>>> print(open('structure08.cif').read())   # mmCIF, C-alpha atoms and all ligand atoms
data_target
#
loop_
_atom_site.group_PDB
_atom_site.id
_atom_site.type_symbol
_atom_site.label_atom_id
_atom_site.label_comp_id
_atom_site.auth_asym_id
_atom_site.auth_seq_id
_atom_site.Cartn_x
_atom_site.Cartn_y
_atom_site.Cartn_z
ATOM 1 C CA MET A 1 78.094 90.871 77.382
ATOM 2 C CA LEU A 2 79.147 87.676 75.617
ATOM 3 C CA ARG A 3 76.113 85.520 74.992
ATOM 4 C CA CYS A 4 75.768 81.996 73.636
ATOM 5 C CA GLU A 5 72.286 81.176 72.438
ATOM 6 C CA ALA A 6 71.182 77.638 71.644
ATOM 7 C CA VAL A 7 74.734 76.738 70.664
ATOM 8 C CA GLY A 8 75.266 73.254 69.272
ATOM 9 C CA LYS A 9 78.487 71.695 68.026
ATOM 10 C CA ARG A 10 79.367 68.499 66.236
ATOM 11 C CA TYR A 11 82.521 67.626 64.399
ATOM 12 C CA GLY A 12 81.832 66.344 60.881
ATOM 13 C CA GLY A 13 78.870 64.006 61.059
ATOM 14 C CA GLY A 14 79.763 62.853 64.561
ATOM 15 C CA ARG A 15 77.789 63.059 67.794
ATOM 16 C CA TRP A 16 76.609 66.361 69.161
ATOM 17 C CA VAL A 17 79.320 67.479 71.590
ATOM 18 C CA LEU A 18 77.302 70.549 72.657
ATOM 19 C CA ARG A 19 73.542 70.893 72.516
ATOM 20 C CA ASP A 20 71.387 73.931 73.107
ATOM 21 C CA VAL A 21 73.963 75.750 75.205
ATOM 22 C CA ASP A 22 72.859 79.094 76.650
ATOM 23 C CA MET A 23 75.477 81.013 78.546
ATOM 24 C CA GLU A 24 76.233 84.611 79.456
ATOM 25 C CA VAL A 25 79.573 86.088 80.417
ATOM 26 C CA SER A 26 79.891 89.698 81.610
ATOM 27 C CA GLY A 27 82.897 91.848 82.448
ATOM 28 C CA GLY A 28 84.130 91.102 85.960
ATOM 29 C CA ASP A 29 82.836 87.506 85.884
ATOM 30 C CA VAL A 30 85.119 84.634 86.811
ATOM 31 C CA LEU A 31 83.422 81.473 85.614
ATOM 32 C CA ALA A 32 84.459 77.837 85.647
ATOM 33 C CA VAL A 33 83.312 75.231 83.143
ATOM 34 C CA VAL A 34 83.422 71.791 84.692
ATOM 35 C CA GLY A 35 82.762 68.332 83.281
ATOM 36 C CA GLY A 36 84.362 64.940 82.690
ATOM 37 C CA ASN A 37 86.938 64.066 80.047
ATOM 38 C CA GLY A 38 85.523 64.523 76.575
ATOM 39 C CA SER A 39 82.428 66.351 77.851
ATOM 40 C CA GLY A 40 83.139 69.292 75.542
ATOM 41 C CA LYS A 41 84.842 71.827 77.830
ATOM 42 C CA SER A 42 87.629 72.686 75.376
ATOM 43 C CA THR A 43 85.110 72.817 72.554
ATOM 44 C CA LEU A 44 82.980 75.319 74.475
ATOM 45 C CA LEU A 45 86.004 77.420 75.413
ATOM 46 C CA ARG A 46 87.205 77.543 71.799
ATOM 47 C CA ILE A 47 83.752 78.706 70.739
ATOM 48 C CA LEU A 48 83.752 81.407 73.440
ATOM 49 C CA ALA A 49 87.197 82.559 72.294
ATOM 50 C CA GLY A 50 86.069 82.651 68.657
ATOM 51 C CA LEU A 51 88.457 79.904 67.535
ATOM 52 C CA SER A 52 85.722 77.479 66.582
ATOM 53 C CA ARG A 53 82.348 78.135 65.029
ATOM 54 C CA PRO A 54 79.198 76.609 66.478
ATOM 55 C CA THR A 55 77.334 74.226 64.170
ATOM 56 C CA THR A 56 74.017 75.701 65.285
ATOM 57 C CA GLY A 57 72.995 78.677 67.403
ATOM 58 C CA SER A 58 74.823 81.959 67.813
ATOM 59 C CA VAL A 59 77.449 83.765 69.861
ATOM 60 C CA SER A 60 77.174 87.543 70.217
ATOM 61 C CA GLY A 61 78.933 90.325 72.092
ATOM 62 C CA ARG A 62 82.422 88.865 71.904
ATOM 63 C CA PRO A 63 84.781 91.603 73.144
ATOM 64 C CA PRO A 64 87.741 92.764 71.027
ATOM 65 C CA ARG A 65 90.700 91.726 73.191
ATOM 66 C CA ILE A 66 90.720 88.034 73.966
ATOM 67 C CA GLY A 67 93.474 86.128 75.725
ATOM 68 C CA TYR A 68 93.422 82.365 75.211
ATOM 69 C CA VAL A 69 95.488 79.624 76.802
ATOM 70 C CA PRO A 70 94.922 76.255 75.091
ATOM 71 C CA ASP A 71 94.940 72.958 76.973
ATOM 72 C CA ARG A 72 98.113 71.971 75.135
ATOM 73 C CA PHE A 73 100.614 74.626 74.235
ATOM 74 C CA THR A 74 102.936 73.197 71.649
ATOM 75 C CA ALA A 75 105.816 75.413 70.733
ATOM 76 C CA PRO A 76 108.411 73.356 68.896
ATOM 77 C CA ASP A 77 110.197 76.555 68.120
ATOM 78 C CA ARG A 78 113.779 77.671 67.947
ATOM 79 C CA ILE A 79 112.992 81.202 69.080
ATOM 80 C CA SER A 80 113.178 82.129 72.739
ATOM 81 C CA SER A 81 110.156 82.788 74.921
ATOM 82 C CA LEU A 82 111.008 86.466 75.096
ATOM 83 C CA SER A 83 111.312 86.813 71.287
ATOM 84 C CA TYR A 84 108.078 84.879 70.902
ATOM 85 C CA LEU A 85 106.250 87.236 73.276
ATOM 86 C CA THR A 86 107.790 90.285 71.600
ATOM 87 C CA HIS A 87 106.572 89.096 68.170
ATOM 88 C CA LEU A 88 103.094 88.337 69.469
ATOM 89 C CA GLY A 89 102.931 91.699 71.202
ATOM 90 C CA ARG A 90 103.798 93.450 67.947
ATOM 91 C CA ILE A 91 101.089 91.487 66.128
ATOM 92 C CA ARG A 92 98.695 92.769 68.802
ATOM 93 C CA GLY A 93 99.664 96.375 68.190
ATOM 94 C CA MET A 94 102.307 96.933 70.872
ATOM 95 C CA SER A 95 105.709 98.471 70.196
ATOM 96 C CA ALA A 96 108.574 95.968 70.303
ATOM 97 C CA SER A 97 109.998 97.510 73.466
ATOM 98 C CA ALA A 98 106.608 97.615 75.242
ATOM 99 C CA ALA A 99 105.955 93.974 74.290
ATOM 100 C CA ARG A 100 109.415 92.931 75.460
ATOM 101 C CA THR A 101 109.072 94.761 78.775
ATOM 102 C CA ARG A 102 105.600 93.393 79.422
ATOM 103 C CA GLY A 103 106.632 89.862 78.388
ATOM 104 C CA ASP A 104 109.684 90.049 80.617
ATOM 105 C CA HIS A 105 107.589 91.270 83.548
ATOM 106 C CA LEU A 106 105.015 88.474 83.133
ATOM 107 C CA LEU A 107 107.714 85.779 82.894
ATOM 108 C CA GLU A 108 109.429 87.266 85.928
ATOM 109 C CA ARG A 109 106.205 87.087 87.949
ATOM 110 C CA LEU A 110 105.718 83.489 86.843
ATOM 111 C CA SER A 111 109.346 82.642 87.716
ATOM 112 C CA LEU A 112 110.091 81.043 84.359
ATOM 113 C CA VAL A 113 112.840 78.501 84.826
ATOM 114 C CA GLY A 114 115.015 77.538 81.894
ATOM 115 C CA GLY A 115 115.714 81.049 80.736
ATOM 116 C CA ARG A 116 113.619 83.514 78.809
ATOM 117 C CA ASN A 117 116.308 83.461 76.133
ATOM 118 C CA ALA A 118 116.298 79.669 75.747
ATOM 119 C CA ALA A 119 114.571 78.128 72.719
ATOM 120 C CA LEU A 120 110.871 77.503 73.381
ATOM 121 C CA ARG A 121 111.158 73.849 72.442
ATOM 122 C CA THR A 122 113.658 73.240 75.243
ATOM 123 C CA LEU A 123 111.226 74.360 77.968
ATOM 124 C CA SER A 124 109.546 71.890 80.289
ATOM 125 C CA LYS A 125 105.745 71.465 80.100
ATOM 126 C CA GLY A 126 105.135 73.714 83.098
ATOM 127 C CA ASN A 127 107.450 76.423 81.860
ATOM 128 C CA ALA A 128 105.909 76.304 78.386
ATOM 129 C CA GLN A 129 102.551 76.719 80.158
ATOM 130 C CA LYS A 130 103.905 79.886 81.769
ATOM 131 C CA VAL A 131 104.780 81.266 78.325
ATOM 132 C CA ALA A 132 101.269 80.361 77.146
ATOM 133 C CA LEU A 133 99.846 82.344 80.055
ATOM 134 C CA ALA A 134 102.130 85.291 79.404
ATOM 135 C CA GLN A 135 101.083 85.539 75.739
ATOM 136 C CA ALA A 136 97.417 85.638 76.782
ATOM 137 C CA LEU A 137 98.123 88.542 79.128
ATOM 138 C CA LEU A 138 100.425 90.664 76.953
ATOM 139 C CA VAL A 139 97.548 93.012 76.242
ATOM 140 C CA PRO A 140 95.125 93.173 79.190
ATOM 141 C CA PRO A 141 92.235 91.031 77.891
ATOM 142 C CA ASP A 142 88.520 91.853 77.981
ATOM 143 C CA LEU A 143 87.979 88.113 77.984
ATOM 144 C CA LEU A 144 90.522 85.608 79.268
ATOM 145 C CA VAL A 145 89.829 82.002 78.304
ATOM 146 C CA LEU A 146 91.941 79.426 80.128
ATOM 147 C CA ASP A 147 91.788 75.718 79.303
ATOM 148 C CA GLU A 148 93.059 73.824 82.363
ATOM 149 C CA PRO A 149 95.553 76.555 83.177
ATOM 150 C CA TRP A 150 96.668 75.039 86.477
ATOM 151 C CA SER A 151 97.811 71.780 84.947
ATOM 152 C CA GLY A 152 101.580 71.539 84.980
ATOM 153 C CA LEU A 153 102.156 74.733 86.959
ATOM 154 C CA ASP A 154 104.142 74.586 90.185
ATOM 155 C CA ALA A 155 102.743 75.825 93.503
ATOM 156 C CA SER A 156 104.195 79.324 93.313
ATOM 157 C CA ALA A 157 102.845 79.825 89.787
ATOM 158 C CA HIS A 158 99.405 78.709 91.064
ATOM 159 C CA GLY A 159 99.320 81.772 93.283
ATOM 160 C CA VAL A 160 100.445 84.052 90.461
ATOM 161 C CA LEU A 161 97.777 82.620 88.160
ATOM 162 C CA ALA A 162 95.149 83.385 90.817
ATOM 163 C CA GLU A 163 96.500 86.944 90.983
ATOM 164 C CA PHE A 164 96.273 87.299 87.190
ATOM 165 C CA ILE A 165 92.674 86.112 87.229
ATOM 166 C CA GLY A 166 91.818 88.576 90.006
ATOM 167 C CA GLU A 167 93.544 91.412 88.170
ATOM 168 C CA VAL A 168 91.731 90.790 84.869
ATOM 169 C CA ALA A 169 88.382 90.693 86.702
ATOM 170 C CA ALA A 170 89.277 93.784 88.745
ATOM 171 C CA GLN A 171 89.960 95.659 85.503
ATOM 172 C CA GLY A 172 86.507 94.724 84.214
ATOM 173 C CA GLY A 173 87.563 91.748 82.104
ATOM 174 C CA ALA A 174 85.824 88.369 82.185
ATOM 175 C CA VAL A 175 87.595 85.084 82.878
ATOM 176 C CA VAL A 176 86.368 81.630 81.893
ATOM 177 C CA PHE A 177 88.441 78.592 82.835
ATOM 178 C CA THR A 178 88.183 74.827 83.059
ATOM 179 C CA ASP A 179 89.590 72.478 85.634
ATOM 180 C CA HIS A 180 88.794 69.000 86.839
ATOM 181 C CA ARG A 181 89.268 69.733 90.509
ATOM 182 C CA GLU A 182 86.317 71.018 92.461
ATOM 183 C CA ALA A 183 88.600 72.677 95.023
ATOM 184 C CA ILE A 184 90.158 74.848 92.309
ATOM 185 C CA THR A 185 86.766 75.824 90.962
ATOM 186 C CA GLU A 186 85.416 76.596 94.435
ATOM 187 C CA THR A 187 88.391 78.762 95.297
ATOM 188 C CA HIS A 188 88.859 80.706 92.119
ATOM 189 C CA ALA A 189 85.504 81.017 90.347
ATOM 190 C CA GLY A 190 82.565 83.209 91.201
ATOM 191 C CA GLY A 191 80.238 80.784 89.403
ATOM 192 C CA ALA A 192 80.352 77.569 87.455
ATOM 193 C CA TYR A 193 78.688 75.817 84.540
ATOM 194 C CA VAL A 194 78.531 72.042 84.474
ATOM 195 C CA LEU A 195 78.783 70.221 81.148
ATOM 196 C CA GLY A 196 77.140 66.839 80.840
ATOM 197 C CA ASP A 197 75.610 65.048 77.903
ATOM 198 C CA GLY A 198 76.370 68.083 75.737
ATOM 199 C CA ARG A 199 74.224 70.364 77.883
ATOM 200 C CA VAL A 200 75.317 73.143 80.179
ATOM 201 C CA THR A 201 73.714 73.912 83.508
ATOM 202 C CA PRO A 202 74.679 76.671 85.929
ATOM 203 C CA HIS A 203 76.085 75.161 89.094
ATOM 204 C CA GLY A 204 74.263 76.162 92.275
ATOM 205 C CA GLY A 205 77.513 77.654 93.574
ATOM 206 C CA ARG A 206 78.197 80.020 96.379
ATOM 207 C CA HIS A 207 77.752 83.200 94.460
ATOM 208 C CA THR A 208 75.439 84.691 91.940
ATOM 209 C CA GLY A 209 76.160 86.123 88.573
ATOM 210 C CA GLY A 210 79.747 84.932 88.352
ATOM 211 C CA ARG A 211 81.120 87.778 90.440
ATOM 212 C CA LEU A 212 84.033 87.087 92.680
ATOM 213 C CA PRO A 213 83.067 87.433 96.339
ATOM 214 C CA MET A 214 84.067 90.831 97.663
ATOM 215 C CA VAL A 215 84.689 92.440 101.029
ATOM 216 C CA GLU A 216 84.669 96.092 101.973
ATOM 217 C CA LEU A 217 87.558 97.241 104.121
ATOM 218 C CA VAL A 218 87.481 100.647 105.826
ATOM 219 C CA LEU A 219 90.806 102.023 107.087
ATOM 220 C CA ALA A 220 91.743 105.117 109.042
ATOM 221 C CA ALA A 221 94.746 106.626 110.749
ATOM 222 C CA PRO A 222 95.169 105.154 114.226
ATOM 223 C CA PRO A 223 93.581 107.338 116.932
ATOM 224 C CA ALA A 224 97.018 107.824 118.545
ATOM 225 C CA GLY A 225 100.615 107.189 117.625
ATOM 226 C CA THR A 226 102.538 107.360 114.351
ATOM 227 C CA PRO A 227 100.581 108.304 111.219
ATOM 228 C CA PRO A 228 100.160 105.580 108.585
ATOM 229 C CA ILE A 229 102.288 105.250 105.447
ATOM 230 C CA GLU A 230 100.509 105.919 102.143
ATOM 231 C CA VAL A 231 99.906 102.816 100.012
ATOM 232 C CA ASP A 232 99.199 102.611 96.257
ATOM 233 C CA TRP A 233 95.888 100.839 96.860
ATOM 234 C CA SER A 234 94.789 100.813 93.227
ATOM 235 C CA GLY A 235 98.001 98.957 92.361
ATOM 236 C CA THR A 236 97.557 96.395 95.140
ATOM 237 C CA PRO A 237 96.477 92.932 93.875
ATOM 238 C CA GLY A 238 92.829 92.227 94.680
ATOM 239 C CA VAL A 239 91.799 95.860 95.239
ATOM 240 C CA VAL A 240 88.944 96.476 92.823
ATOM 241 C CA ASP A 241 88.071 99.978 93.970
ATOM 242 C CA SER A 242 89.437 102.517 96.416
ATOM 243 C CA ALA A 243 87.928 105.768 97.633
ATOM 244 C CA ARG A 244 88.520 108.363 100.335
ATOM 245 C CA ARG A 245 85.646 109.149 102.661
ATOM 246 C CA GLY A 246 86.511 111.908 105.071
ATOM 247 C CA GLY A 247 89.589 110.717 106.892
ATOM 248 C CA GLU A 248 88.900 107.093 105.949
ATOM 249 C CA ILE A 249 89.896 104.950 103.016
ATOM 250 C CA VAL A 250 87.286 102.522 101.709
ATOM 251 C CA LEU A 251 88.546 99.559 99.730
ATOM 252 C CA ARG A 252 86.586 96.935 97.838
ATOM 253 C CA VAL A 253 88.693 93.815 97.745
ATOM 254 C CA ALA A 254 88.313 90.389 96.115
ATOM 255 C CA ARG A 255 87.687 88.043 99.060
ATOM 256 C CA GLU A 256 90.566 85.862 97.960
ATOM 257 C CA HIS A 257 93.017 88.737 98.469
ATOM 258 C CA ALA A 258 91.440 90.165 101.634
ATOM 259 C CA ASP A 259 93.970 88.666 104.059
ATOM 260 C CA ALA A 260 96.943 89.962 102.067
ATOM 261 C CA VAL A 261 95.425 93.460 101.726
ATOM 262 C CA LEU A 262 94.636 93.541 105.444
ATOM 263 C CA LEU A 263 98.215 92.587 106.218
ATOM 264 C CA THR A 264 99.525 95.344 103.919
ATOM 265 C CA ALA A 265 97.262 97.855 105.691
ATOM 266 C CA LEU A 266 98.435 96.832 109.160
ATOM 267 C CA ARG A 267 102.088 96.823 108.117
ATOM 268 C CA HIS A 268 101.660 100.414 106.922
ATOM 269 C CA ARG A 269 100.128 101.347 110.277
ATOM 270 C CA TRP A 270 96.558 101.760 109.022
ATOM 271 C CA SER A 271 93.892 100.991 111.581
ATOM 272 C CA VAL A 272 90.916 98.814 110.586
ATOM 273 C CA VAL A 273 87.563 100.579 111.112
ATOM 274 C CA SER A 274 85.444 97.789 109.645
ATOM 275 C CA LEU A 275 85.554 94.731 107.420
ATOM 276 C CA THR A 276 82.277 93.615 105.900
ATOM 277 C CA GLY A 277 81.380 90.914 103.415
ATOM 278 C CA ALA A 278 79.822 91.000 99.967
ATOM 279 C CA ALA A 279 79.684 94.705 99.206
ATOM 280 C CA ASP A 280 78.297 94.725 95.686
ATOM 281 C CA GLU A 281 78.693 97.397 93.011
ATOM 282 C CA ALA A 282 75.635 99.380 94.101
ATOM 283 C CA GLY A 283 76.261 98.909 97.772
ATOM 284 C CA PHE A 284 79.870 100.049 97.725
ATOM 285 C CA ARG A 285 79.576 103.034 100.014
ATOM 286 C CA GLY A 286 82.915 104.466 99.049
ATOM 287 C CA GLY A 287 82.045 104.318 95.344
ATOM 288 C CA ALA A 288 80.856 107.903 95.196
ATOM 289 C CA GLY A 289 83.923 109.200 96.958
ATOM 290 C CA ARG A 290 87.144 110.520 95.549
ATOM 291 C CA ALA A 291 89.394 107.853 94.099
ATOM 292 C CA VAL A 292 92.672 107.499 95.915
ATOM 293 C CA ARG A 293 95.910 105.936 94.876
HETATM 294 N N1 LIG A 301 88.777 68.893 66.196
HETATM 295 C C1 LIG A 301 88.023 67.844 66.518
HETATM 296 N N2 LIG A 301 87.609 66.969 65.603
HETATM 297 C C2 LIG A 301 86.815 65.931 65.938
HETATM 298 N N3 LIG A 301 86.395 65.669 67.189
HETATM 299 C C3 LIG A 301 86.780 66.508 68.151
HETATM 300 C C4 LIG A 301 87.620 67.643 67.884
HETATM 301 N N4 LIG A 301 87.824 68.303 69.046
HETATM 302 C C5 LIG A 301 87.151 67.620 70.003
HETATM 303 N N5 LIG A 301 86.541 66.543 69.471
HETATM 304 C C6 LIG A 301 85.692 65.591 70.191
HETATM 305 O O1 LIG A 301 84.731 66.311 70.933
HETATM 306 C C7 LIG A 301 84.520 65.726 72.198
HETATM 307 C C8 LIG A 301 84.740 66.771 73.285
HETATM 308 O O2 LIG A 301 86.128 67.110 73.310
HETATM 309 P P1 LIG A 301 86.697 68.287 74.188
HETATM 310 O O3 LIG A 301 88.165 68.317 73.956
HETATM 311 O O4 LIG A 301 85.914 69.505 73.951
HETATM 312 O O5 LIG A 301 86.373 67.731 75.667
HETATM 313 P P2 LIG A 301 86.968 68.138 77.086
HETATM 314 O O6 LIG A 301 85.819 68.165 78.026
HETATM 315 O O7 LIG A 301 87.788 69.361 76.978
HETATM 316 O O8 LIG A 301 87.919 66.899 77.424
HETATM 317 P P3 LIG A 301 89.191 66.756 78.408
HETATM 318 O O9 LIG A 301 88.701 66.952 79.801
HETATM 319 O O10 LIG A 301 89.631 65.349 78.173
HETATM 320 O O11 LIG A 301 90.200 67.776 77.969
HETATM 321 C C9 LIG A 301 85.460 64.538 72.303
HETATM 322 O O12 LIG A 301 84.720 63.370 71.986
HETATM 323 C C10 LIG A 301 86.495 64.805 71.235
HETATM 324 O O13 LIG A 301 87.000 63.628 70.706
#
>>> encode(input="structure08.cif", output="structure tokens")
Amino acid sequence: MLRCEAVGKRYGGGRWVLRDVDMEVSGGDVLAVVGGNGSGKSTLLRILAGLSRPTTGSVSGRPPRIGYVPDRFTAPDRISSLSYLTHLGRIRGMSASAARTRGDHLLERLSLVGGRNAALRTLSKGNAQKVALAQALLVPPDLLVLDEPWSGLDASAHGVLAEFIGEVAAQGGAVVFTDHREAITETHAGGAYVLGDGRVTPHGGRHTGGRLPMVELVLAAPPAGTPPIEVDWSGTPGVVDSARRGGEIVLRVAREHADAVLLTALRHRWSVVSLTGAADEAGFRGGAGRAVR
């Protein structure tokens, strides 16, 4: 668990930007940091990512693989986005071909416009932002830190970003992001911290502990008619866990993806036995069952 204890930050002899900040981030958390302009959100995120050192206090438990998307991604570079991602992947221990394939896949999902072989400096702000996101996800991160990641992205990339966040959390990683818009925070975060006057307070929020809201979906073959088609549930976005229980399949799904997963199930002729809210880790009845693909 990443833990900030009594963290304070000032630049030079200036004012205290952060004061006495206590914060905990665990794997699977999706947390938002909200606050006005200049309230210290980027400063806090840089400290969480290990890019800036607190003036006072301590940060412990930082995981090894951290993906970071800065608020401004400046890449005045002649190399193409794909070469850039390949180089970064190699720095992070991937083979050149694995980095290239992964980079290509991420840019494809984000629908990069302007060409993955075009020089980085020729990309628009939104497309450069897509490259920034891709570099943070080259190696699946234990902690993904996103500074205003939605800014500049078009509507279709918004959905893909939400999928990325869900996937990192589903794989046990933690996500911390900032955004100015409450609607974004409400939709995508399991919990929020509010920054004001240098201090951080947990936001009452809908959920506890930063976990994304979950539903449990139980599926079975229809009582009559054509048998269902097998689905790779563990590879379906939003499915955090899947297990077989007798003739049934029990899925734990991030609430945000529940409609899409339900639609996939129905399209493959699965019949819905039950759909219940907020099944937590301990209460996941299928958890003890045999994992299914
Ligand atoms: N490297 C730096 N050197 C000096 N002051 C800095 C530095 N980085 C940030 N600051 C100052 O710290 C304060 C908090 O800045 P920060 O960028 O963390 O806020 P923010 O909440 O992310 O703002 P915004 O919403 O406008 O992006 C600001 O007053 C800023 O000027």
>>> atom_distance(input="structure08.cif", atom1="atom O3 of ligand LIG 301 (chain A)", atom2="atom CA of Lys41 of chain A")
6.2 Å
>>> closest_atom_pairs(input="structure08.cif", of="chain A", to="ligand LIG 301 (chain A)", cutoff="9 Å", atoms="all atoms listed in the file", output="CSV")
residue,atom,partner,partner_atom,distance
A:Lys9,CA,A:LIG301,O1,8.7
A:Arg10,CA,A:LIG301,O1,7.5
A:Tyr11,CA,A:LIG301,C2,4.9
A:Gly12,CA,A:LIG301,C2,7.1
A:Gly14,CA,A:LIG301,N3,7.7
A:Arg15,CA,A:LIG301,O12,8.1
A:Trp16,CA,A:LIG301,O1,8.3
A:Val17,CA,A:LIG301,C7,5.5
A:Leu18,CA,A:LIG301,C8,8.4
A:Val34,CA,A:LIG301,O6,8.0
A:Gly35,CA,A:LIG301,O6,6.1
A:Gly36,CA,A:LIG301,O9,5.6
A:Asn37,CA,A:LIG301,O9,3.4
A:Gly38,CA,A:LIG301,O5,3.4
A:Ser39,CA,A:LIG301,O6,3.8
A:Gly40,CA,A:LIG301,O4,3.2
A:Lys41,CA,A:LIG301,O6,3.8
A:Ser42,CA,A:LIG301,O7,3.7
A:Thr43,CA,A:LIG301,O4,3.7
A:Leu44,CA,A:LIG301,O4,6.5
A:Leu45,CA,A:LIG301,O4,8.0
A:Arg46,CA,A:LIG301,O4,8.4
A:Asp71,CA,A:LIG301,O11,7.1
A:Asp147,CA,A:LIG301,O7,7.9
A:Glu148,CA,A:LIG301,O11,8.0
A:Thr178,CA,A:LIG301,O7,8.2
A:Asp179,CA,A:LIG301,O9,8.1
A:His180,CA,A:LIG301,O9,7.3
A:Leu195,CA,A:LIG301,O6,8.0
A:Gly198,CA,A:LIG301,C8,8.8
>>> atom_distance(input="structure08.cif", atom1="atom CA of Val25 of chain A", atom2="atom CA of Pro237 of chain A")
22.7 Å
>>> resolve_selection(input="structure08.cif", expression="the PyMOL selection byres (((chain A and resi 272) around 10) and not hetatm)", output="ChimeraX atom specification")
/A:217-222,248-249,262,265-266,269-271,273-275
>>> atom_distance(input="structure08.cif", atom1="atom CA of Arg53 of chain A", atom2="atom CA of Cys4 of chain A")
11.5 Å
>>> closest_residue(input="structure08.cif", among="A:Ala224, A:Ile184, A:Leu138, A:Val239", to="Glu167 of chain A", atoms="all atoms listed in the file")
A:Val239
